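Trainee: Please find upload_29.pdb (PDB, C-alpha atoms and all ligand atoms) on the next line:
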```
ATOM      1  CA  MET J   1       0.000   0.000   0.000
ATOM      2  CA  LEU J   2       1.310   3.443  -0.896
ATOM      3  CA  LYS J   3       1.404   5.719   2.125
ATOM      4  CA  PRO J   4       2.822   9.159   2.767
ATOM      5  CA  ARG J   5       5.985   9.103   4.875
ATOM      6  CA  ALA J   6       4.247  10.608   7.905
ATOM      7  CA  SER J   7       2.087   7.489   8.107
ATOM      8  CA  PHE J   8       5.144   5.328   7.699
ATOM      9  CA  PHE J   9       6.742   6.960  10.707
ATOM     10  CA  ALA J  10       3.622   6.401  12.708
ATOM     11  CA  ALA J  11       3.507   2.733  11.693
ATOM     12  CA  ALA J  12       7.184   1.972  12.023
ATOM     13  CA  SER J  13       8.085   3.736  15.190
ATOM     14  CA  GLY J  14       4.859   3.913  17.133
ATOM     15  CA  VAL J  15       5.303   7.673  17.593
ATOM     16  CA  ARG J  16       2.856  10.275  16.368
ATOM     17  CA  ALA J  17       3.487  11.359  12.824
ATOM     18  CA  ASP J  18       5.585  14.499  12.656
ATOM     19  CA  ARG J  19       3.764  17.271  10.821
ATOM     20  CA  ARG J  20       6.896  18.530   9.098
ATOM     21  CA  PHE J  21       6.670  15.583   6.724
ATOM     22  CA  HIS J  22       3.191  16.486   5.523
ATOM     23  CA  GLY J  23       3.126  17.753   1.992
ATOM     24  CA  SER J  24       6.300  15.869   1.160
ATOM     25  CA  ALA J  25       6.427  14.601  -2.383
ATOM     26  CA  LEU J  26       8.250  11.508  -1.181
ATOM     27  CA  TYR J  27       6.284   8.395  -0.371
ATOM     28  CA  PHE J  28       7.009   5.019   1.115
ATOM     29  CA  PHE J  29       5.681   1.650   0.173
ATOM     30  CA  SER J  30       4.822   1.030   3.782
ATOM     31  CA  ARG J  31       4.880  -2.260   5.651
ATOM     32  CA  PRO J  32       2.424  -3.181   8.429
ATOM     33  CA  ALA J  33       3.365  -2.120  11.943
ATOM     34  CA  SER J  34       4.238  -5.730  12.779
ATOM     35  CA  GLY J  35       6.990  -5.745  10.137
ATOM     36  CA  ARG J  36      10.603  -4.916  10.944
ATOM     37  CA  PRO J  37      10.850  -1.146  11.306
ATOM     38  CA  THR J  38      13.396   0.112   8.796
ATOM     39  CA  LEU J  39      13.926   3.265  10.812
ATOM     40  CA  PRO J  40      14.866   2.774  14.479
ATOM     41  CA  LYS J  41      12.373   4.094  16.987
ATOM     42  CA  ARG J  42      14.713   6.653  18.503
ATOM     43  CA  TYR J  43      14.908   8.242  15.122
ATOM     44  CA  GLY J  44      11.303   9.240  14.647
ATOM     45  CA  SER J  45      11.314  12.460  16.632
ATOM     46  CA  SER J  46      14.991  13.314  17.037
ATOM     47  CA  TYR J  47      15.440  15.732  14.159
ATOM     48  CA  SER J  48      15.820  19.439  14.716
ATOM     49  CA  ARG J  49      14.874  20.397  11.175
ATOM     50  CA  SER J  50      13.107  18.869   8.266
ATOM     51  CA  MET J  51      15.196  16.499   6.189
ATOM     52  CA  GLN J  52      13.449  14.176   3.814
ATOM     53  CA  ILE J  53      14.643  10.593   4.060
ATOM     54  CA  HIS J  54      13.268   8.108   1.597
ATOM     55  CA  ILE J  55      13.843   4.459   2.489
ATOM     56  CA  LEU J  56      13.211   1.972  -0.298
ATOM     57  CA  ASP J  57      11.017  -0.422   1.598
ATOM     58  CA  HIS J  58      10.475  -3.117  -1.016
ATOM     59  CA  PRO J  59      10.929  -6.930  -0.990
ATOM     60  CA  LEU J  60      13.194  -6.903  -4.043
ATOM     61  CA  VAL J  61      15.425  -4.295  -2.448
ATOM     62  CA  GLU J  62      15.545  -6.319   0.776
ATOM     63  CA  HIS J  63      16.473  -9.453  -1.146
ATOM     64  CA  LYS J  64      19.239  -7.787  -3.137
ATOM     65  CA  LEU J  65      20.504  -6.032  -0.021
ATOM     66  CA  THR J  66      20.758  -9.321   1.855
ATOM     67  CA  VAL J  67      22.895 -10.853  -0.900
ATOM     68  CA  LEU J  68      24.974  -7.666  -0.970
ATOM     69  CA  ARG J  69      25.600  -7.760   2.776
ATOM     70  CA  ASP J  70      26.678 -11.436   2.751
ATOM     71  CA  LYS J  71      30.439 -11.574   3.206
ATOM     72  CA  ASN J  72      30.637 -14.511   0.796
ATOM     73  CA  THR J  73      29.234 -12.514  -2.127
ATOM     74  CA  PRO J  74      32.073 -11.957  -4.614
ATOM     75  CA  SER J  75      32.989  -8.532  -6.046
ATOM     76  CA  ASN J  76      31.473  -9.129  -9.482
ATOM     77  CA  ILE J  77      28.035  -9.946  -8.003
ATOM     78  CA  PHE J  78      28.433  -7.149  -5.458
ATOM     79  CA  ARG J  79      29.028  -4.596  -8.244
ATOM     80  CA  GLU J  80      26.049  -5.874 -10.203
ATOM     81  CA  LEU J  81      23.772  -5.636  -7.163
ATOM     82  CA  VAL J  82      24.943  -2.118  -6.277
ATOM     83  CA  SER J  83      24.172  -1.039  -9.817
ATOM     84  CA  GLU J  84      20.681  -2.577  -9.720
ATOM     85  CA  LEU J  85      19.898  -1.057  -6.318
ATOM     86  CA  VAL J  86      21.045   2.388  -7.425
ATOM     87  CA  THR J  87      18.814   2.253 -10.496
ATOM     88  CA  LEU J  88      15.865   1.517  -8.213
ATOM     89  CA  GLU J  89      16.912   4.358  -5.922
ATOM     90  CA  ALA J  90      17.385   6.696  -8.883
ATOM     91  CA  TYR J  91      13.745   6.216  -9.825
ATOM     92  CA  GLU J  92      12.670   7.619  -6.447
ATOM     93  CA  ALA J  93      15.468  10.184  -6.196
ATOM     94  CA  THR J  94      14.423  11.784  -9.479
ATOM     95  CA  ARG J  95      10.757  12.051  -8.588
ATOM     96  CA  ASN J  96      11.043  15.850  -8.325
ATOM     97  CA  LEU J  97      13.324  16.324 -11.317
ATOM     98  CA  ASP J  98      12.766  19.659 -13.075
ATOM     99  CA  VAL J  99      11.035  19.208 -16.416
ATOM    100  CA  VAL J 100       9.755  21.625 -19.049
ATOM    101  CA  ASP J 101       7.025  21.321 -21.637
ATOM    102  CA  LYS J 102       8.099  20.051 -25.020
ATOM    103  CA  GLN J 103       5.936  19.924 -28.105
ATOM    104  CA  ILE J 104       6.366  16.857 -30.288
ATOM    105  CA  GLU J 105       4.566  15.100 -33.066
ATOM    106  CA  THR J 106       3.597  11.505 -32.596
ATOM    107  CA  PRO J 107       2.735   9.560 -35.764
ATOM    108  CA  ILE J 108      -0.881  10.479 -34.988
ATOM    109  CA  ALA J 109      -0.997  13.999 -33.497
ATOM    110  CA  THR J 110       0.850  16.943 -32.028
ATOM    111  CA  MET J 111       1.160  16.915 -28.244
ATOM    112  CA  THR J 112       2.946  18.622 -25.391
ATOM    113  CA  GLY J 113       5.111  16.250 -23.400
ATOM    114  CA  LYS J 114       7.828  16.790 -20.785
ATOM    115  CA  HIS J 115      11.571  17.085 -21.151
ATOM    116  CA  ILE J 116      14.339  17.313 -18.542
ATOM    117  CA  ALA J 117      15.034  21.003 -17.907
ATOM    118  CA  SER J 118      18.315  22.887 -18.323
ATOM    119  CA  PRO J 119      20.765  23.123 -16.711
ATOM    120  CA  ARG J 120      21.022  19.357 -16.794
ATOM    121  CA  PRO J 121      21.110  17.504 -13.465
ATOM    122  CA  MET J 122      24.539  16.743 -12.106
ATOM    123  CA  VAL J 123      25.564  13.349 -10.759
ATOM    124  CA  VAL J 124      28.538  13.408  -8.393
ATOM    125  CA  PRO J 125      30.037  10.102  -7.260
ATOM    126  CA  ILE J 126      32.333  10.401  -4.267
ATOM    127  CA  LEU J 127      35.533   8.519  -5.053
ATOM    128  CA  ARG J 128      36.276   5.765  -4.781
ATOM    129  CA  ALA J 129      33.250   3.730  -3.676
ATOM    130  CA  GLY J 130      30.715   6.129  -5.238
ATOM    131  CA  LEU J 131      32.062   5.182  -8.663
ATOM    132  CA  GLY J 132      30.437   1.788  -8.216
ATOM    133  CA  MET J 133      27.060   3.561  -8.216
ATOM    134  CA  LEU J 134      27.551   5.667 -11.338
ATOM    135  CA  ASP J 135      26.522   3.092 -13.898
ATOM    136  CA  GLY J 136      23.232   2.347 -12.070
ATOM    137  CA  MET J 137      22.445   6.069 -11.877
ATOM    138  CA  THR J 138      23.255   7.020 -15.468
ATOM    139  CA  LYS J 139      21.267   4.049 -16.731
ATOM    140  CA  LEU J 140      18.171   5.969 -15.632
ATOM    141  CA  LEU J 141      19.530   9.468 -16.187
ATOM    142  CA  PRO J 142      21.784   9.194 -19.250
ATOM    143  CA  THR J 143      21.704  12.922 -20.040
ATOM    144  CA  ALA J 144      23.008  13.963 -16.623
ATOM    145  CA  GLU J 145      26.378  15.619 -16.397
ATOM    146  CA  VAL J 146      28.897  13.777 -14.239
ATOM    147  CA  GLY J 147      31.317  15.443 -11.820
ATOM    148  CA  PHE J 148      33.676  13.782  -9.369
ATOM    149  CA  LEU J 149      34.614  14.461  -5.791
ATOM    150  CA  GLY J 150      37.514  12.635  -4.163
ATOM    151  CA  MET J 151      36.992  12.449  -0.423
ATOM    152  CA  LYS J 152      38.288   9.986   2.072
ATOM    153  CA  ARG J 153      38.120   9.402   5.747
ATOM    154  CA  ASP J 154      41.221   9.553   7.898
ATOM    155  CA  GLU J 155      40.888   6.180   9.633
ATOM    156  CA  LYS J 156      42.412   7.540  12.865
ATOM    157  CA  THR J 157      40.706  10.914  13.282
ATOM    158  CA  LEU J 158      37.670  10.080  11.092
ATOM    159  CA  ASP J 159      38.129  13.599   9.561
ATOM    160  CA  ILE J 160      37.244  14.034   5.880
ATOM    161  CA  ILE J 161      40.010  14.935   3.430
ATOM    162  CA  THR J 162      39.222  16.245  -0.088
ATOM    163  CA  TYR J 163      41.901  14.975  -2.452
ATOM    164  CA  ALA J 164      40.308  15.572  -5.877
ATOM    165  CA  ASN J 165      37.472  17.409  -7.550
ATOM    166  CA  ARG J 166      36.189  17.711 -11.087
ATOM    167  CA  LEU J 167      33.123  19.933 -10.884
ATOM    168  CA  PRO J 168      31.865  23.085 -12.609
ATOM    169  CA  GLU J 169      32.630  26.267 -10.620
ATOM    170  CA  ASP J 170      28.983  27.329 -10.853
ATOM    171  CA  LEU J 171      26.270  24.889  -9.822
ATOM    172  CA  THR J 172      23.524  27.502  -9.493
ATOM    173  CA  GLY J 173      20.142  26.071 -10.412
ATOM    174  CA  ARG J 174      21.516  22.539 -10.740
ATOM    175  CA  GLN J 175      19.856  19.543  -9.151
ATOM    176  CA  VAL J 176      22.722  17.496  -7.772
ATOM    177  CA  PHE J 177      22.741  13.770  -6.966
ATOM    178  CA  LEU J 178      25.531  12.739  -4.643
ATOM    179  CA  LEU J 179      26.537   9.064  -4.813
ATOM    180  CA  ASP J 180      28.183   7.337  -1.866
ATOM    181  CA  PRO J 181      27.272   3.769  -0.835
ATOM    182  CA  MET J 182      27.618   4.337   2.913
ATOM    183  CA  LEU J 183      26.311   7.282   4.929
ATOM    184  CA  ALA J 184      28.170   6.299   8.107
ATOM    185  CA  THR J 185      29.374   9.155  10.350
ATOM    186  CA  GLY J 186      27.839  11.663   7.936
ATOM    187  CA  GLY J 187      31.179  13.493   7.707
ATOM    188  CA  THR J 188      31.642  12.924   3.956
ATOM    189  CA  THR J 189      28.040  13.867   3.185
ATOM    190  CA  VAL J 190      28.308  17.090   5.177
ATOM    191  CA  ALA J 191      31.679  18.004   3.615
ATOM    192  CA  ALA J 192      30.499  17.193   0.084
ATOM    193  CA  THR J 193      27.229  19.078   0.514
ATOM    194  CA  HIS J 194      29.053  22.162   1.784
ATOM    195  CA  TYR J 195      31.391  21.915  -1.180
ATOM    196  CA  LEU J 196      28.469  21.806  -3.616
ATOM    197  CA  ALA J 197      26.516  24.512  -1.791
ATOM    198  CA  GLU J 198      29.532  26.863  -1.971
ATOM    199  CA  ARG J 199      29.256  26.523  -5.743
ATOM    200  CA  GLY J 200      25.594  27.468  -5.680
ATOM    201  CA  ALA J 201      23.815  24.082  -5.535
ATOM    202  CA  LYS J 202      20.676  24.343  -3.414
ATOM    203  CA  ASP J 203      18.915  21.122  -4.358
ATOM    204  CA  ILE J 204      20.995  18.128  -3.321
ATOM    205  CA  THR J 205      19.977  14.487  -2.997
ATOM    206  CA  SER J 206      22.294  12.010  -1.339
ATOM    207  CA  ILE J 207      21.840   8.499  -2.717
ATOM    208  CA  ASN J 208      23.258   5.832  -0.411
ATOM    209  CA  ILE J 209      22.896   2.079  -0.140
ATOM    210  CA  LEU J 210      23.025   2.067   3.684
ATOM    211  CA  ALA J 211      22.914   4.768   6.350
ATOM    212  CA  ALA J 212      23.562   4.841  10.090
ATOM    213  CA  PRO J 213      21.213   6.723  12.440
ATOM    214  CA  GLU J 214      24.194   8.637  13.888
ATOM    215  CA  GLY J 215      25.207   9.878  10.446
ATOM    216  CA  LEU J 216      21.704  10.934   9.466
ATOM    217  CA  LYS J 217      21.351  12.833  12.722
ATOM    218  CA  ARG J 218      24.666  14.596  12.186
ATOM    219  CA  VAL J 219      23.763  15.571   8.629
ATOM    220  CA  GLU J 220      20.436  16.950   9.708
ATOM    221  CA  GLU J 221      21.899  18.898  12.608
ATOM    222  CA  THR J 222      24.835  20.282  10.625
ATOM    223  CA  LEU J 223      23.484  21.240   7.241
ATOM    224  CA  ASP J 224      22.370  24.743   6.355
ATOM    225  CA  PRO J 225      18.541  24.588   6.436
ATOM    226  CA  SER J 226      18.347  26.704   3.257
ATOM    227  CA  ILE J 227      19.645  23.713   1.269
ATOM    228  CA  ASP J 228      16.896  21.485  -0.047
ATOM    229  CA  PHE J 229      18.545  18.245   1.034
ATOM    230  CA  LYS J 230      17.159  14.732   0.700
ATOM    231  CA  VAL J 231      18.482  11.265   1.417
ATOM    232  CA  VAL J 232      17.431   8.196  -0.571
ATOM    233  CA  VAL J 233      18.649   4.966   0.985
ATOM    234  CA  CYS J 234      17.908   1.227   0.780
ATOM    235  CA  ALA J 235      18.024   0.740   4.574
ATOM    236  CA  VAL J 236      18.945   2.515   7.802
ATOM    237  CA  ASP J 237      20.997   0.129   9.932
ATOM    238  CA  ASP J 238      21.363  -0.160  13.684
ATOM    239  CA  HIS J 239      24.457   1.804  14.701
ATOM    240  CA  LEU J 240      28.117   2.617  14.022
ATOM    241  CA  ASP J 241      30.894   0.630  15.644
ATOM    242  CA  GLU J 242      33.945   2.223  17.280
ATOM    243  CA  HIS J 243      35.753   2.291  13.908
ATOM    244  CA  GLY J 244      32.929   4.139  12.170
ATOM    245  CA  TYR J 245      31.617   1.060  10.349
ATOM    246  CA  ILE J 246      27.898   0.572   9.908
ATOM    247  CA  VAL J 247      26.459  -2.372  11.896
ATOM    248  CA  PRO J 248      25.363  -4.829  10.575
ATOM    249  CA  GLY J 249      26.354  -3.065   7.325
ATOM    250  CA  LEU J 250      28.236  -4.724   4.516
ATOM    251  CA  GLY J 251      31.844  -4.007   5.442
ATOM    252  CA  ASP J 252      34.085  -1.641   3.480
ATOM    253  CA  ALA J 253      32.101  -0.790   0.355
ATOM    254  CA  GLY J 254      35.205   0.228  -1.649
ATOM    255  CA  ASP J 255      36.998  -3.006  -0.832
ATOM    256  CA  ARG J 256      33.954  -5.094  -1.628
ATOM    257  CA  LEU J 257      33.491  -3.328  -4.961
ATOM    258  CA  TYR J 258      37.091  -3.250  -6.071
ATOM    259  CA  GLY J 259      39.031  -5.526  -3.749
ATOM    260  CA  LEU J 260      41.730  -4.619  -1.249
ATOM    261  CA  ILE J 261      44.566  -2.430  -2.544
ATOM    262  CA  ASP J 262      47.203  -3.722  -0.108
TER     263      ASP J 262
HETATM  264  N1  LIG J 301      32.410   3.068   4.851
HETATM  265  C1  LIG J 301      32.255   1.780   4.459
HETATM  266  O1  LIG J 301      32.706   1.391   3.397
HETATM  267  N2  LIG J 301      31.609   0.937   5.292
HETATM  268  C2  LIG J 301      31.110   1.339   6.472
HETATM  269  O2  LIG J 301      30.502   0.519   7.173
HETATM  270  C3  LIG J 301      31.268   2.679   6.852
HETATM  271  C4  LIG J 301      31.921   3.526   6.025
END
```
Take the structure from the file and write it as structure tokens.
Mentor:
Amino acid sequence: MLKPRASFFAAASGVRADRRFHGSALYFFSRPASGRPTLPKRYGSSYSRSMQIHILDHPLVEHKLTVLRDKNTPSNIFRELVSELVTLEAYEATRNLDVVDKQIETPIATMTGKHIASPRPMVVPILRAGLGMLDGMTKLLPTAEVGFLGMKRDEKTLDIITYANRLPEDLTGRQVFLLDPMLATGGTTVAATHYLAERGAKDITSINILAAPEGLKRVEETLDPSIDFKVVVCAVDDHLDEHGYIVPGLGDAGDRLYGLID
């Protein structure tokens, strides 16, 4: 059954629906209250500002995610599954894509259809693991422009270091889709979003395979509320461990996609 996200929150967490989600264009395919809540209970009312989070609650996504998480799944299958999941996420993430009228002629009549507006949307994978999501995204949005952002986490301090960027200087009016498989501490998402916002982007959607409640909370508390920021994710997991890994998670997404470098 298709339900607005406010109802999903009510069903999943047992808390009263938060009014800030009313009017949202994002919807969930909701499960009954007896099903496993995708969003932990403590999450339902902890946000200080409105941030739209869209969780793909769907049996096919759950199935693919389970194979993806399995430590015995080899890299080639892992890459294939990431690509498939991202294409499914892209469908929801682009629900509010800007379109303009376009007049065409069918073999039968003239009609006004819709066409993706200019400037074209921008897809930004965060290197290196975000690259594994690019193919699944551009499959659905082949006319998007692609930029790159190289960010990595210092494993000791957990600080985010930017080591590369290939992006237009001016992102004003662009809808930007940020690709990173794991929204863990939220540090990369916050840093990348600030980077994009400094260049004028005001409409940013983070597409992740998994997220941790701690990271989502940090993103919501840190980001400038004037940025229209959304998260589309296949599942929100339980917590982060002391090394900043998502639990139960899927391990190191970069290593699972591309193998260990060392
Ligand atoms: N990055 C990963 O690749 N995995 C995690 O669990 C957290 C961050």
Trainee: Which one of J:Ile55, J:Ile126, J:Leu68, J:Leu250 sits closest to ligand LIG 301 (chain J) if you count all atoms listed in the file?
Mentor: J:Leu250
Trainee: Could you give me, as number ranges by chain, the residues within 12 Å of Pro121 (chain J), counting all atoms listed in the file and dropping anything in the same chain fewer than 4 positions from it?
Mentor: J: 93-94, 96-99, 116-117, 137-138, 141-147, 171-178, 201, 203-205
Trainee: What does the structure give for the distance between CA of Gly186 (chain J) and CA of Gly200 (chain J), in Å to one decimal?
Mentor: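 Separating CA of Gly186 (chain J) from CA of Gly200 (chain J) is a distance of 21.0 Å.
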Trainee: Taking only C-alpha atoms and all ligand atoms into account, list the residues no farther than 10 Å from ligand LIG 301 (chain J), as an MDAnalysis selection string.
Mentor: chainID J and resid 128:129 152:153 180:186 188 210:212 237 239:241 243:257
Trainee: Could you turn the residues from that selection into a file that holds C-alpha atoms, as a tab-separated table (two decimals), in the frame of the given file?
Mentor:
```tsv
chain	number	residue	atom	x	y	z
J	128	ARG	CA	36.28	5.76	-4.78
J	129	ALA	CA	33.25	3.73	-3.68
J	152	LYS	CA	38.29	9.99	2.07
J	153	ARG	CA	38.12	9.40	5.75
J	180	ASP	CA	28.18	7.34	-1.87
J	181	PRO	CA	27.27	3.77	-0.84
J	182	MET	CA	27.62	4.34	2.91
J	183	LEU	CA	26.31	7.28	4.93
J	184	ALA	CA	28.17	6.30	8.11
J	185	THR	CA	29.37	9.15	10.35
J	186	GLY	CA	27.84	11.66	7.94
J	188	THR	CA	31.64	12.92	3.96
J	210	LEU	CA	23.02	2.07	3.68
J	211	ALA	CA	22.91	4.77	6.35
J	212	ALA	CA	23.56	4.84	10.09
J	237	ASP	CA	21.00	0.13	9.93
J	239	HIS	CA	24.46	1.80	14.70
J	240	LEU	CA	28.12	2.62	14.02
J	241	ASP	CA	30.89	0.63	15.64
J	243	HIS	CA	35.75	2.29	13.91
J	244	GLY	CA	32.93	4.14	12.17
J	245	TYR	CA	31.62	1.06	10.35
J	246	ILE	CA	27.90	0.57	9.91
J	247	VAL	CA	26.46	-2.37	11.90
J	248	PRO	CA	25.36	-4.83	10.58
J	249	GLY	CA	26.35	-3.06	7.32
J	250	LEU	CA	28.24	-4.72	4.52
J	251	GLY	CA	31.84	-4.01	5.44
J	252	ASP	CA	34.08	-1.64	3.48
J	253	ALA	CA	32.10	-0.79	0.36
J	254	GLY	CA	35.20	0.23	-1.65
J	255	ASP	CA	37.00	-3.01	-0.83
J	256	ARG	CA	33.95	-5.09	-1.63
J	257	LEU	CA	33.49	-3.33	-4.96
```
Trainee: Could you tell me how far CA of Asp57 (chain J) lies from CA of Tyr258 (chain J), in Å and to one decimal?
Mentor: 27.3 Å
Trainee: Skip Ile209 (chain J) itself and residues of its chain fewer than 6 positions away, then list as an MDAnalysis selection string all residues within 9 Å of it, counting all atoms listed in the file.
Mentor: chainID J and resid 65 82 85:86 89 180:183 232:236
Trainee: Would you work out the distance separating CA of Leu131 (chain J) from CA of Ser83 (chain J), expressed in Å to one decimal?
Mentor: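 Separation of CA of Leu131 (chain J) and CA of Ser83 (chain J): 10.1 Å.
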Trainee: Could you write out as lines of an AutoDock Vina configuration file the box around region 195-200 of chain J (axis-aligned, all atoms listed in the file, 5 Å on each side), with centre and edge lengths in Å to one decimal?
Mentor:
```
center_x = 28.5
center_y = 24.6
center_z = -3.5
size_x = 15.8
size_y = 15.7
size_z = 14.6
```
Trainee: With distances taken over all atoms listed in the file, which residue among J:Gly113, J:Pro59, J:Pro74, J:Gly136 lies nearest Ala90 (chain J)?
Mentor: J:Gly136
Trainee: If you count only C-alpha atoms, which residues fall within 7 Å of Pro125 (chain J), apart from same-chain ones fewer than 2 positions away, as a list in words?
Mentor: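 Residues meeting the cut-off are Val123, Leu127, Gly130, Leu131, Leu134, Phe148, Leu149, Leu178, Leu179 and Asp180 of chain J.
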Trainee: Using only C-alpha atoms, pick whichever of J:His194, J:Glu62, J:Asn165, J:Tyr91 has the shortest atom-to-atom distance to Phe229 (chain J).
Mentor: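 Among J:His194, J:Glu62, J:Asn165, J:Tyr91, it is J:His194 that comes nearest to Phe229 (chain J).
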Trainee: Nearest to Thr157 (chain J): which of J:Arg120, J:Thr87, J:Thr110, J:Gly187 is it, counting all atoms listed in the file?
Mentor: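 Answer, going by the shortest atom-to-atom distance: J:Gly187.
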Trainee: Compare J:Ala192, J:Leu260, J:Ile227, J:Leu216 by their minimum atom-to-atom distance to Ile53 (chain J), counting only C-alpha atoms, and give me the closest one.
Mentor: J:Leu216
